[in-house]
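Novice: Dropping in entry.txt, which is compact mmCIF, C-alpha atoms:
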```
# COMPACT_ATOMS: atom_id res chain seq x y z
CA MET A 216 55.04 15.72 112.66
CA LYS A 217 54.74 12.64 110.46
CA THR A 218 52.88 10.80 113.22
CA ALA A 219 50.43 13.68 113.65
CA ILE A 220 49.69 13.69 109.91
CA ILE A 221 49.16 9.93 109.88
CA CYS A 222 46.88 10.24 112.91
CA ASP A 223 44.66 12.77 111.14
CA ILE A 224 44.51 10.69 107.96
CA LYS A 225 43.58 7.55 109.93
CA THR A 226 40.94 9.56 111.77
CA LEU A 227 39.42 10.39 108.38
CA VAL A 228 39.22 6.76 107.21
CA PRO A 229 35.57 6.18 108.36
CA PHE A 230 34.49 9.19 106.29
CA LEU A 231 36.31 8.20 103.11
CA PRO A 232 33.58 5.92 101.63
CA SER A 233 30.94 8.66 101.78
CA ILE A 234 33.42 11.26 100.49
CA GLY A 235 34.45 8.96 97.64
CA ILE A 236 30.85 8.20 96.60
CA THR A 237 30.00 11.90 96.67
CA LEU A 238 32.98 12.84 94.50
CA VAL A 239 32.32 10.09 91.94
CA ALA A 240 28.63 11.05 91.67
CA VAL A 241 29.39 14.78 91.33
CA CYS A 242 32.07 14.15 88.70
CA ALA A 243 29.81 11.83 86.70
CA PHE A 244 26.82 14.15 86.62
CA LEU A 245 28.83 17.31 85.92
CA THR A 246 30.75 15.59 83.12
CA LEU A 247 27.52 14.31 81.61
CA GLY A 248 25.63 17.58 81.91
CA GLY A 249 28.44 20.11 81.59
CA SER A 250 32.13 19.81 80.89
CA GLY A 251 35.15 17.95 82.17
CA LEU A 252 36.64 21.19 83.48
CA SER A 253 33.76 21.93 85.82
CA ALA A 254 33.72 18.29 86.92
CA VAL A 255 37.40 18.05 87.88
CA GLY A 256 37.29 21.48 89.47
CA SER A 257 34.37 20.46 91.66
CA VAL A 258 36.07 17.21 92.68
CA ALA A 259 39.31 18.97 93.62
CA VAL A 260 37.71 21.68 95.71
CA MET A 261 35.19 19.33 97.35
CA MET A 262 37.94 16.87 98.29
CA VAL A 263 39.85 19.42 100.35
CA LEU A 264 36.74 21.01 101.88
CA LEU A 265 35.05 17.72 102.81
CA CYS A 266 38.24 16.45 104.42
CA MET A 267 38.81 19.67 106.34
CA PHE A 268 35.23 19.88 107.64
CA SER A 269 35.18 16.16 108.50
CA LEU A 270 38.36 16.45 110.56
CA ALA A 271 37.13 19.60 112.30
CA GLY A 272 33.82 17.93 113.12
CA TYR A 273 35.52 14.83 114.49
CA ASP A 274 37.51 16.96 116.94
CA ASP A 275 34.23 17.81 118.69
CA GLN A 276 32.97 14.21 118.84
CA GLY A 277 33.47 12.13 121.96
CA GLY A 278 36.03 14.52 123.39
CA TRP A 279 38.59 13.59 120.71
CA GLY A 280 40.10 17.07 120.75
CA ARG A 281 40.82 16.83 124.49
CA PHE A 282 42.03 13.24 124.26
CA ARG A 283 44.42 14.13 121.45
CA ALA A 284 46.01 16.72 123.75
CA THR A 285 47.12 13.86 126.01
CA MET A 286 48.90 12.06 123.17
CA PRO A 287 52.64 12.53 122.60
CA PHE A 288 52.17 15.44 120.18
CA SER A 289 53.20 19.00 120.82
CA ARG A 290 50.58 21.65 120.11
CA ARG A 291 52.63 22.77 117.12
CA GLU A 292 52.56 19.24 115.71
CA VAL A 293 48.79 19.03 116.15
CA VAL A 294 48.10 22.27 114.25
CA VAL A 295 50.78 22.05 111.57
CA GLY A 296 50.05 18.34 111.10
CA ARG A 297 46.37 19.13 110.47
CA TYR A 298 47.24 21.76 107.86
CA LEU A 299 49.71 19.46 106.13
CA ALA A 300 47.24 16.56 106.19
CA VAL A 301 44.55 18.69 104.53
CA LEU A 302 47.06 19.92 101.94
CA LEU A 303 48.23 16.38 101.23
CA LEU A 304 44.66 15.18 100.79
CA GLY A 305 44.06 18.11 98.46
CA LEU A 306 46.96 16.98 96.28
CA VAL A 307 45.46 13.48 96.25
CA GLY A 308 42.21 15.16 95.21
CA ILE A 309 43.92 16.65 92.14
CA ALA A 310 45.02 13.21 90.96
CA LEU A 311 41.59 11.76 91.73
CA ALA A 312 39.86 14.60 89.88
CA VAL A 313 41.95 14.17 86.74
CA VAL A 314 41.52 10.39 86.73
CA LEU A 315 37.76 10.56 87.28
CA GLY A 316 37.31 13.42 84.82
CA GLY A 317 39.29 11.69 82.11
CA ALA A 318 37.55 8.36 82.70
CA PHE A 319 34.04 9.80 82.57
CA GLN A 320 34.90 11.88 79.50
CA ALA A 321 36.07 8.74 77.71
CA LEU A 322 33.08 6.71 78.92
CA PHE A 323 30.41 9.22 77.98
CA GLY A 324 32.24 10.01 74.74
CA ALA A 325 32.10 6.34 73.78
CA LEU A 326 28.46 5.91 74.79
CA LEU A 327 27.04 9.21 73.52
CA GLY A 328 29.44 10.07 70.74
CA THR A 329 32.86 11.72 70.87
CA ARG A 330 32.81 15.42 71.74
CA THR A 331 35.34 17.47 69.80
CA ASP A 332 35.45 20.15 72.51
CA ALA A 333 36.44 17.77 75.31
CA PRO A 334 39.35 19.26 77.32
CA GLY A 335 42.72 17.55 77.32
CA VAL A 336 44.74 16.28 80.26
CA ALA A 337 46.68 19.55 80.65
CA GLU A 338 43.42 21.53 80.88
CA LEU A 339 41.98 19.07 83.41
CA VAL A 340 45.11 19.36 85.57
CA ALA A 341 45.08 23.17 85.38
CA SER A 342 41.40 23.29 86.33
CA SER A 343 41.89 20.98 89.30
CA ILE A 344 44.94 22.93 90.53
CA ALA A 345 43.07 26.25 90.32
CA SER A 346 40.10 24.75 92.14
CA LEU A 347 42.33 23.31 94.86
CA ALA A 348 43.90 26.75 95.30
CA CYS A 349 40.43 28.24 95.80
CA GLY A 350 39.62 25.45 98.26
CA LEU A 351 42.78 26.20 100.24
CA VAL A 352 41.74 29.85 100.49
CA ILE A 353 38.42 28.78 102.00
CA CYS A 354 40.23 26.41 104.38
CA ALA A 355 42.66 29.16 105.35
CA VAL A 356 39.76 31.35 106.45
CA ALA A 357 37.70 28.59 108.09
CA MET A 358 40.32 26.65 110.06
CA PRO A 359 41.23 29.36 112.61
CA PHE A 360 37.52 29.67 113.43
CA SER A 361 37.27 25.92 114.10
CA VAL A 362 40.42 26.00 116.24
CA LYS A 363 39.13 28.94 118.27
CA PHE A 364 35.45 28.05 118.69
CA GLY A 365 35.16 24.37 117.73
CA ALA A 366 33.65 22.97 114.57
CA MET A 367 29.97 23.86 115.07
CA ARG A 368 30.32 27.38 116.47
CA GLY A 369 33.33 28.06 114.29
CA MET A 370 31.47 27.22 111.08
CA ARG A 371 28.59 29.49 112.07
CA PHE A 372 30.98 32.40 112.60
CA PHE A 373 32.76 31.48 109.38
CA ALA A 374 29.50 31.47 107.38
CA CYS A 375 28.52 34.87 108.79
CA ALA A 376 31.95 36.34 108.03
CA VAL A 377 31.93 35.00 104.46
CA ALA A 378 28.43 36.36 103.82
CA ILE A 379 29.46 39.82 105.01
CA VAL A 380 32.71 39.84 103.00
CA ILE A 381 30.96 38.69 99.81
CA SER A 382 28.21 41.29 100.23
CA VAL A 383 30.70 44.09 100.79
CA GLY A 384 32.85 42.85 97.91
CA VAL A 385 29.92 42.81 95.51
CA ALA A 386 28.75 46.24 96.64
CA LEU A 387 32.15 47.95 96.53
CA GLY A 388 33.77 45.87 93.80
CA ILE A 389 31.60 44.62 90.97
CA GLY A 390 28.83 47.10 91.68
CA ALA A 391 31.22 50.06 91.51
CA MET A 392 33.09 48.95 88.37
CA PRO A 393 32.60 51.05 85.25
CA PRO A 394 30.97 49.22 82.33
CA GLY A 395 33.40 47.08 80.39
CA VAL A 396 36.02 46.78 83.15
CA LEU A 397 34.89 43.32 84.24
CA ALA A 398 34.87 42.14 80.63
CA GLY A 399 38.39 43.50 80.21
CA ILE A 400 39.57 41.65 83.30
CA VAL A 401 38.08 38.39 82.02
CA ARG A 402 39.76 38.92 78.66
CA TRP A 403 43.13 39.61 80.30
CA VAL A 404 42.81 36.45 82.40
CA ASP A 405 42.09 34.41 79.26
CA GLU A 406 45.23 35.78 77.65
CA ASN A 407 47.45 35.11 80.70
CA LEU A 408 46.15 31.82 82.07
CA LEU A 409 49.50 30.39 83.17
CA MET A 410 50.47 33.58 84.99
CA CYS A 411 47.09 33.72 86.69
CA LEU A 412 47.31 30.05 87.70
CA ALA A 413 50.77 30.57 89.21
CA GLY A 414 49.54 33.68 91.02
CA ILE A 415 46.48 31.89 92.43
CA VAL A 416 48.60 28.99 93.68
CA ALA A 417 51.20 31.29 95.27
CA PHE A 418 48.52 33.43 96.92
CA SER A 419 46.61 30.42 98.27
CA LEU A 420 49.74 28.80 99.72
CA ALA A 421 50.85 32.07 101.33
CA LEU A 422 47.41 32.61 102.86
CA TYR A 423 47.29 28.97 103.98
CA ALA A 424 50.67 29.32 105.71
CA ALA A 425 49.52 32.55 107.39
CA SER A 426 46.35 30.81 108.53
CA CYS A 427 48.45 28.00 110.02
CA ALA A 428 50.43 30.57 112.02
CA VAL A 429 47.22 32.17 113.29
CA SER A 430 45.72 28.80 114.26
CA LEU A 431 48.95 27.84 116.03
CA GLY A 432 48.87 31.05 118.05
CA ILE A 433 45.26 30.39 119.02
CA TYR A 434 45.82 26.74 119.91
CA GLU A 435 48.92 27.36 122.00
CA LYS A 436 46.93 29.74 124.23
CA LYS A 437 43.76 27.65 124.30
CA ASP A 438 42.71 25.97 127.52
CA LEU A 439 42.04 22.35 126.61
```
Please render this file's structure as structure tokens.

Specialist:
Amino acid sequence: MKTAIICDIKTLVPFLPSIGITLVAVCAFLTLGGSGLSAVGSVAVMMVLLCMFSLAGYDDQGGWGRFRATMPFSRREVVVGRYLAVLLLGLVGIALAVVLGGAFQALFGALLGTRTDAPGVAELVASSIASLACGLVICAVAMPFSVKFGAMRGMRFFACAVAIVISVGVALGIGAMPPGVLAGIVRWVDENLLMCLAGIVAFSLALYAASCAVSLGIYEKKDL
């Protein structure tokens, strides 16, 4: 399993410079124009999504997916190793988000004047963890599609499925809510942030594990 994880991370190395430049630029501009919370949240979620999509895309390039099947990895190691590699990179993304967010806050605060409403380290960490959890939910939905259909076709099916689910959710959820209910939910979330954060993390990890089981079932039956 460890070898499969290392293999995926090494596969991602050529993409890391572009990913790093993107994350630094996004964090800088969002910190300058918005807040540190939105900046670190964007970095955390983009880290996990960019890594996941880059790995999925590489599987379709040059027959890498077929060649990997000839390597001394079991199919279980290939799938579970990919999920663990993405999760590990997401945890690295949290640390990167907090470091970048804190650095740009300090830099812009010194250059443009200290902002009294700048979030602290604990708030930056909480924002990045919540964003990573949301990113893992997206990965949990997208990865079985890429395993089943490949990166290109899988992402098209994924985009269509997400569009339908969001449309139905808006129509049946927010659109059907009585006035004031949404405001009450937002107020309750504000009053129970730690509980909500723990719930989001637990839900995302459970869904991510379930997605791994689905992908494993697909991959074990797939004709490579």

Novice: Could you check which of A:Arg291, A:Ala219, A:Gly305, A:Gly316 is closest to Leu245 (chain A), using all atoms listed in the file?

Specialist: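 Checking each candidate against Leu245 (chain A), we get A:Gly316 as the closest.
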
Novice: Looking at only C-alpha atoms, which of A:Glu292, A:Ile236, A:Thr226, A:Leu252 is the one that sits closest to Cys266 (chain A)?

Specialist: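 Of the candidates, the smallest distance to Cys266 (chain A) is held by A:Thr226.
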
Novice: Out of A:Val356, A:Ala374, A:Val314, A:Val362, which residue has the shortest atom-to-atom distance to Gly432 (chain A) when counting all atoms listed in the file?

Specialist: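 Of A:Val356, A:Ala374, A:Val314, A:Val362, the one nearest Gly432 (chain A), counting all atoms listed in the file, is A:Val362.
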
Novice: Compare A:Met267, A:Ala345, A:Ala310, A:Met261 by their minimum atom-to-atom distance to Arg297 (chain A), counting all atoms listed in the file, and give me the closest one.

Specialist: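 Nearest candidate to Arg297 (chain A) out of A:Met267, A:Ala345, A:Ala310, A:Met261: A:Met267.
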
Novice: Between A:Val380, A:Val293, A:Leu315, A:Leu304, which residue has the minimum interatomic distance to Ser430 (chain A), considering all atoms listed in the file?

Specialist: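 The answer is A:Val293, which sits nearest to Ser430 (chain A).
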
Novice: How many Å separate CA of Ile224 (chain A) from CA of Pro287 (chain A)?

Specialist: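 According to the coordinates, CA of Ile224 (chain A) and CA of Pro287 (chain A) are separated by 16.8 Å.
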
Novice: Quick check, in Å to one decimal: how far apart do CA of Ile220 (chain A) and CA of Ala376 (chain A) lie?

Specialist: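 That distance, rounded to one decimal, is 28.8 Å.
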
Novice: Skip Val313 (chain A) itself and residues of its chain fewer than 6 positions away, then list as a ChimeraX atom specification all residues within 9 Å of it, counting all atoms listed in the file.

Specialist: /A:255,258-259,336,339-340,343

Novice: Check the smallest atom-to-atom distance from each of A:Phe244, A:Tyr273, A:Phe323, A:Phe360 to Pro229 (chain A) using all atoms listed in the file, then report the winner.

Specialist: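 Smallest distance to Pro229 (chain A) is found for A:Tyr273.
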
Novice: Grab the CA of Ala240 (chain A) to CA of Phe268 (chain A) distance for me, in Å with one decimal place.

Specialist: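 Separation between CA of Ala240 (chain A) and CA of Phe268 (chain A): 19.4 Å.
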
Novice: Because some atoms of region 288-311 of chain A are absent here, can you restore N, CA, C and O atoms and send them as a PDB file, in the coordinates of the input?

Specialist:
```
ATOM      1  N   PHE A 288      52.006  14.431 121.224  1.00  0.00           N
ATOM      2  CA  PHE A 288      52.170  15.440 120.180  1.00  0.00           C
ATOM      3  C   PHE A 288      52.294  16.803 120.853  1.00  0.00           C
ATOM      4  O   PHE A 288      51.580  17.091 121.817  1.00  0.00           O
ATOM      5  N   SER A 289      53.182  17.617 120.363  1.00  0.00           N
ATOM      6  CA  SER A 289      53.200  19.000 120.820  1.00  0.00           C
ATOM      7  C   SER A 289      52.037  19.741 120.156  1.00  0.00           C
ATOM      8  O   SER A 289      51.461  19.273 119.166  1.00  0.00           O
ATOM      9  N   ARG A 290      51.679  20.878 120.700  1.00  0.00           N
ATOM     10  CA  ARG A 290      50.580  21.650 120.110  1.00  0.00           C
ATOM     11  C   ARG A 290      50.947  22.104 118.697  1.00  0.00           C
ATOM     12  O   ARG A 290      50.077  22.184 117.824  1.00  0.00           O
ATOM     13  N   ARG A 291      52.197  22.402 118.473  1.00  0.00           N
ATOM     14  CA  ARG A 291      52.630  22.770 117.120  1.00  0.00           C
ATOM     15  C   ARG A 291      52.418  21.618 116.151  1.00  0.00           C
ATOM     16  O   ARG A 291      51.950  21.819 115.025  1.00  0.00           O
ATOM     17  N   GLU A 292      52.732  20.403 116.581  1.00  0.00           N
ATOM     18  CA  GLU A 292      52.560  19.240 115.710  1.00  0.00           C
ATOM     19  C   GLU A 292      51.088  19.003 115.393  1.00  0.00           C
ATOM     20  O   GLU A 292      50.738  18.609 114.271  1.00  0.00           O
ATOM     21  N   VAL A 293      50.217  19.235 116.376  1.00  0.00           N
ATOM     22  CA  VAL A 293      48.790  19.030 116.150  1.00  0.00           C
ATOM     23  C   VAL A 293      48.270  19.978 115.076  1.00  0.00           C
ATOM     24  O   VAL A 293      47.580  19.569 114.134  1.00  0.00           O
ATOM     25  N   VAL A 294      48.619  21.265 115.188  1.00  0.00           N
ATOM     26  CA  VAL A 294      48.100  22.270 114.250  1.00  0.00           C
ATOM     27  C   VAL A 294      48.756  22.138 112.877  1.00  0.00           C
ATOM     28  O   VAL A 294      48.071  22.046 111.854  1.00  0.00           O
ATOM     29  N   VAL A 295      50.083  22.118 112.853  1.00  0.00           N
ATOM     30  CA  VAL A 295      50.780  22.050 111.570  1.00  0.00           C
ATOM     31  C   VAL A 295      50.487  20.714 110.880  1.00  0.00           C
ATOM     32  O   VAL A 295      50.314  20.660 109.658  1.00  0.00           O
ATOM     33  N   GLY A 296      50.391  19.629 111.674  1.00  0.00           N
ATOM     34  CA  GLY A 296      50.050  18.340 111.100  1.00  0.00           C
ATOM     35  C   GLY A 296      48.690  18.350 110.445  1.00  0.00           C
ATOM     36  O   GLY A 296      48.496  17.755 109.376  1.00  0.00           O
ATOM     37  N   ARG A 297      47.710  19.030 111.055  1.00  0.00           N
ATOM     38  CA  ARG A 297      46.370  19.130 110.470  1.00  0.00           C
ATOM     39  C   ARG A 297      46.423  19.885 109.134  1.00  0.00           C
ATOM     40  O   ARG A 297      45.825  19.453 108.142  1.00  0.00           O
ATOM     41  N   TYR A 298      47.132  20.988 109.105  1.00  0.00           N
ATOM     42  CA  TYR A 298      47.240  21.760 107.860  1.00  0.00           C
ATOM     43  C   TYR A 298      47.945  20.956 106.769  1.00  0.00           C
ATOM     44  O   TYR A 298      47.525  20.972 105.603  1.00  0.00           O
ATOM     45  N   LEU A 299      48.997  20.256 107.126  1.00  0.00           N
ATOM     46  CA  LEU A 299      49.710  19.460 106.130  1.00  0.00           C
ATOM     47  C   LEU A 299      48.872  18.275 105.665  1.00  0.00           C
ATOM     48  O   LEU A 299      48.912  17.904 104.483  1.00  0.00           O
ATOM     49  N   ALA A 300      48.104  17.673 106.574  1.00  0.00           N
ATOM     50  CA  ALA A 300      47.240  16.560 106.190  1.00  0.00           C
ATOM     51  C   ALA A 300      46.175  17.019 105.192  1.00  0.00           C
ATOM     52  O   ALA A 300      45.909  16.337 104.188  1.00  0.00           O
ATOM     53  N   VAL A 301      45.568  18.161 105.447  1.00  0.00           N
ATOM     54  CA  VAL A 301      44.550  18.690 104.530  1.00  0.00           C
ATOM     55  C   VAL A 301      45.179  19.020 103.171  1.00  0.00           C
ATOM     56  O   VAL A 301      44.601  18.720 102.115  1.00  0.00           O
ATOM     57  N   LEU A 302      46.371  19.609 103.189  1.00  0.00           N
ATOM     58  CA  LEU A 302      47.060  19.920 101.940  1.00  0.00           C
ATOM     59  C   LEU A 302      47.399  18.648 101.169  1.00  0.00           C
ATOM     60  O   LEU A 302      47.221  18.579  99.935  1.00  0.00           O
ATOM     61  N   LEU A 303      47.896  17.645 101.865  1.00  0.00           N
ATOM     62  CA  LEU A 303      48.230  16.380 101.230  1.00  0.00           C
ATOM     63  C   LEU A 303      47.000  15.729 100.606  1.00  0.00           C
ATOM     64  O   LEU A 303      47.043  15.233  99.469  1.00  0.00           O
ATOM     65  N   LEU A 304      45.896  15.732 101.333  1.00  0.00           N
ATOM     66  CA  LEU A 304      44.660  15.180 100.790  1.00  0.00           C
ATOM     67  C   LEU A 304      44.157  15.982  99.608  1.00  0.00           C
ATOM     68  O   LEU A 304      43.556  15.429  98.678  1.00  0.00           O
ATOM     69  N   GLY A 305      44.420  17.292  99.621  1.00  0.00           N
ATOM     70  CA  GLY A 305      44.060  18.110  98.460  1.00  0.00           C
ATOM     71  C   GLY A 305      44.856  17.727  97.232  1.00  0.00           C
ATOM     72  O   GLY A 305      44.319  17.688  96.112  1.00  0.00           O
ATOM     73  N   LEU A 306      46.142  17.420  97.410  1.00  0.00           N
ATOM     74  CA  LEU A 306      46.960  16.980  96.280  1.00  0.00           C
ATOM     75  C   LEU A 306      46.475  15.632  95.752  1.00  0.00           C
ATOM     76  O   LEU A 306      46.468  15.389  94.537  1.00  0.00           O
ATOM     77  N   VAL A 307      46.063  14.754  96.674  1.00  0.00           N
ATOM     78  CA  VAL A 307      45.460  13.480  96.250  1.00  0.00           C
ATOM     79  C   VAL A 307      44.178  13.770  95.460  1.00  0.00           C
ATOM     80  O   VAL A 307      43.866  13.088  94.469  1.00  0.00           O
ATOM     81  N   GLY A 308      43.448  14.791  95.893  1.00  0.00           N
ATOM     82  CA  GLY A 308      42.210  15.160  95.210  1.00  0.00           C
ATOM     83  C   GLY A 308      42.458  15.602  93.770  1.00  0.00           C
ATOM     84  O   GLY A 308      41.621  15.352  92.894  1.00  0.00           O
ATOM     85  N   ILE A 309      43.593  16.261  93.512  1.00  0.00           N
ATOM     86  CA  ILE A 309      43.920  16.650  92.140  1.00  0.00           C
ATOM     87  C   ILE A 309      44.066  15.416  91.263  1.00  0.00           C
ATOM     88  O   ILE A 309      43.489  15.331  90.165  1.00  0.00           O
ATOM     89  N   ALA A 310      44.836  14.442  91.742  1.00  0.00           N
ATOM     90  CA  ALA A 310      45.020  13.210  90.960  1.00  0.00           C
ATOM     91  C   ALA A 310      43.696  12.492  90.763  1.00  0.00           C
ATOM     92  O   ALA A 310      43.393  12.014  89.658  1.00  0.00           O
ATOM     93  N   LEU A 311      42.894  12.427  91.832  1.00  0.00           N
ATOM     94  CA  LEU A 311      41.590  11.760  91.730  1.00  0.00           C
ATOM     95  C   LEU A 311      40.691  12.485  90.744  1.00  0.00           C
ATOM     96  O   LEU A 311      39.983  11.846  89.943  1.00  0.00           O
TER      97      LEU A 311
END
```
